[in-house]
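Student: I'm passing along coords33.pdb; it holds PDB, C-alpha atoms, pLDDT in the B column.
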ATOM      1  CA  MET O   1     -11.501  16.953  28.325  1.00 56.00           C
ATOM      2  CA  LYS O   2      -9.576  19.963  29.608  1.00 62.00           C
ATOM      3  CA  GLY O   3     -10.700  22.030  26.592  1.00 64.00           C
ATOM      4  CA  LEU O   4     -14.324  21.123  27.244  1.00 63.00           C
ATOM      5  CA  ILE O   5     -14.053  22.163  30.910  1.00 65.00           C
ATOM      6  CA  SER O   6     -12.303  25.361  29.930  1.00 68.00           C
ATOM      7  CA  MET O   7     -14.988  26.148  27.324  1.00 68.00           C
ATOM      8  CA  TYR O   8     -17.746  25.456  29.884  1.00 69.00           C
ATOM      9  CA  TYR O   9     -16.028  27.667  32.426  1.00 76.00           C
ATOM     10  CA  ASN O  10     -15.645  30.477  29.901  1.00 88.00           C
ATOM     11  CA  GLU O  11     -19.297  30.289  28.868  1.00 87.00           C
ATOM     12  CA  LYS O  12     -20.412  30.115  32.495  1.00 88.00           C
ATOM     13  CA  ARG O  13     -18.163  33.061  33.406  1.00 89.00           C
ATOM     14  CA  LYS O  14     -19.548  35.089  30.469  1.00 90.00           C
ATOM     15  CA  ALA O  15     -23.113  34.421  31.626  1.00 92.00           C
ATOM     16  CA  ILE O  16     -22.305  35.434  35.206  1.00 93.00           C
ATOM     17  CA  THR O  17     -20.560  38.608  34.016  1.00 92.00           C
ATOM     18  CA  ALA O  18     -23.441  39.492  31.669  1.00 93.00           C
ATOM     19  CA  LYS O  19     -25.946  39.071  34.506  1.00 95.00           C
ATOM     20  CA  TYR O  20     -23.848  41.264  36.810  1.00 94.00           C
ATOM     21  CA  VAL O  21     -23.517  43.984  34.163  1.00 93.00           C
ATOM     22  CA  LYS O  22     -27.249  43.938  33.391  1.00 94.00           C
ATOM     23  CA  THR O  23     -28.164  44.113  37.072  1.00 95.00           C
ATOM     24  CA  ASN O  24     -25.604  46.604  38.359  1.00 96.00           C
ATOM     25  CA  LEU O  25     -24.345  48.847  35.579  1.00 94.00           C
ATOM     26  CA  ASP O  26     -25.679  51.399  33.095  1.00 95.00           C
ATOM     27  CA  ASP O  27     -24.120  52.021  29.694  1.00 92.00           C
ATOM     28  CA  ILE O  28     -23.146  55.425  28.370  1.00 94.00           C
ATOM     29  CA  LYS O  29     -21.759  55.588  24.871  1.00 94.00           C
ATOM     30  CA  ILE O  30     -19.536  58.445  23.771  1.00 94.00           C
ATOM     31  CA  ARG O  31     -18.117  59.240  20.375  1.00 96.00           C
ATOM     32  CA  VAL O  32     -14.718  60.799  19.763  1.00 96.00           C
ATOM     33  CA  PRO O  33     -12.974  61.963  16.572  1.00 97.00           C
ATOM     34  CA  LYS O  34     -11.070  59.305  14.595  1.00 97.00           C
ATOM     35  CA  GLY O  35      -7.710  58.594  16.187  1.00 94.00           C
ATOM     36  CA  GLN O  36      -8.714  60.024  19.567  1.00 97.00           C
ATOM     37  CA  ARG O  37      -9.707  56.630  21.000  1.00 97.00           C
ATOM     38  CA  GLU O  38      -6.180  55.233  20.799  1.00 96.00           C
ATOM     39  CA  LYS O  39      -4.728  58.430  22.243  1.00 97.00           C
ATOM     40  CA  LEU O  40      -7.137  58.266  25.200  1.00 97.00           C
ATOM     41  CA  LYS O  41      -6.476  54.548  25.677  1.00 97.00           C
ATOM     42  CA  THR O  42      -2.717  55.199  25.797  1.00 97.00           C
ATOM     43  CA  ILE O  43      -3.111  58.060  28.271  1.00 97.00           C
ATOM     44  CA  ALA O  44      -5.346  55.956  30.526  1.00 97.00           C
ATOM     45  CA  ALA O  45      -2.846  53.078  30.457  1.00 98.00           C
ATOM     46  CA  GLU O  46      -0.020  55.458  31.331  1.00 98.00           C
ATOM     47  CA  MET O  47      -2.104  56.595  34.296  1.00 97.00           C
ATOM     48  CA  GLY O  48      -2.591  52.978  35.347  1.00 98.00           C
ATOM     49  CA  MET O  49      -6.299  52.759  34.620  1.00 98.00           C
ATOM     50  CA  SER O  50      -8.786  51.750  31.968  1.00 97.00           C
ATOM     51  CA  MET O  51     -10.459  54.323  29.743  1.00 96.00           C
ATOM     52  CA  ASN O  52     -13.688  53.656  31.634  1.00 95.00           C
ATOM     53  CA  GLN O  53     -12.020  54.400  34.972  1.00 97.00           C
ATOM     54  CA  MET O  54     -10.417  57.532  33.522  1.00 97.00           C
ATOM     55  CA  PHE O  55     -13.727  58.834  32.140  1.00 97.00           C
ATOM     56  CA  ILE O  56     -15.591  58.204  35.388  1.00 97.00           C
ATOM     57  CA  LYS O  57     -12.863  59.924  37.408  1.00 97.00           C
ATOM     58  CA  ALA O  58     -12.765  62.872  35.005  1.00 97.00           C
ATOM     59  CA  VAL O  59     -16.536  63.348  35.128  1.00 97.00           C
ATOM     60  CA  GLU O  60     -16.633  63.049  38.919  1.00 97.00           C
ATOM     61  CA  GLU O  61     -13.832  65.608  39.287  1.00 97.00           C
ATOM     62  CA  TYR O  62     -15.482  67.965  36.783  1.00 97.00           C
ATOM     63  CA  ILE O  63     -18.814  67.784  38.607  1.00 97.00           C
ATOM     64  CA  GLU O  64     -17.181  68.276  42.004  1.00 96.00           C
ATOM     65  CA  LYS O  65     -15.349  71.346  40.726  1.00 96.00           C
ATOM     66  CA  ASN O  66     -18.097  72.924  38.612  1.00 95.00           C
ATOM     67  CA  TYR O  67     -21.535  71.776  39.713  1.00 94.00           C
ATOM     68  CA  LYS O  68     -23.335  74.165  42.004  1.00 90.00           C
ATOM     69  CA  PRO O  69     -26.923  73.148  42.763  1.00 88.00           C
ATOM     70  CA  GLU O  70     -29.377  76.018  42.427  1.00 82.00           C
ATOM     71  CA  ALA O  71     -30.223  75.829  46.127  1.00 68.00           C
ATOM     72  CA  GLU O  72     -26.622  76.787  46.965  1.00 67.00           C
ATOM     73  CA  ASN O  73     -26.744  79.707  44.536  1.00 61.00           C
ATOM     74  CA  GLU O  74     -29.817  81.300  46.099  1.00 61.00           C
ATOM     75  CA  ILE O  75     -29.182  84.244  48.392  1.00 63.00           C
ATOM     76  CA  ASP O  76     -31.507  84.466  51.413  1.00 53.00           C
TER      77      ASP O  76
END
Would you put the structure from the file into structure tokens?
Tutor:
Amino acid sequence: MKGLISMYYNEKRKAITAKYVKTNLDDIKIRVPKGQREKLKTIAAEMGMSMNQMFIKAVEEYIEKNYKPEAENEID
């Protein structure tokens, strides 16, 4: 019986997670050269985060450092 409950819980949890992802998250797929994925995964783990967290942080920091909206670039 325990296996049946565990299987039900896992299937129910998967459905809840899938609904959350569909409702709240967007997917972005990136491609890296062969072998790079494992290197990035190792680096992220060493930094105490997932690759997803590392990519989001890297993009946010890059934008903060480099993005200058055109309105800020205009001279009055």
Student: Please write as JSON, numbers by chain the list of polymer residues whose atoms come within 9 Å of (-5.0, 56.4, 32.5), counting all atoms listed in the file and keeping to the coordinates of the file.
Tutor: {"O": [40, 41, 42, 43, 44, 45, 46, 47, 48, 49, 50, 51, 53, 54]}
Student: Neighbouring residues of stretch 17-31 of chain O were defined as those with any atom within 12 Å, considering only C-alpha atoms; residues of the same chain fewer than 5 positions away were excluded. Please report them as a PyMOL selection string.
Tutor: chain O and resi 9-12+36-37+51-52+55-56
Student: Listed atoms of stretch 29-46 of chain O, axis-aligned box, 8 Å per side: centre and edge lengths to one decimal in Å, as lines of an AutoDock Vina configuration file?
Tutor:
center_x = -10.9
center_y = 57.5
center_z = 23.0
size_x = 37.7
size_y = 24.9
size_z = 32.7
Student: To one decimal in Å, tell me the separation between atom CA of O:Lys34 and atom CA of O:Glu61.
Tutor: 25.6 Å
Student: What does the structure give for the distance between atom CA of O:Lys39 and atom CA of O:Lys65, in Å to one decimal?
Tutor: 24.9 Å
Student: For a test of reading the model, state the distance in Å between atom CA of O:Ala58 and atom CA of O:Glu38, rounded to one decimal.
Tutor: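 It comes out at 17.4 Å.
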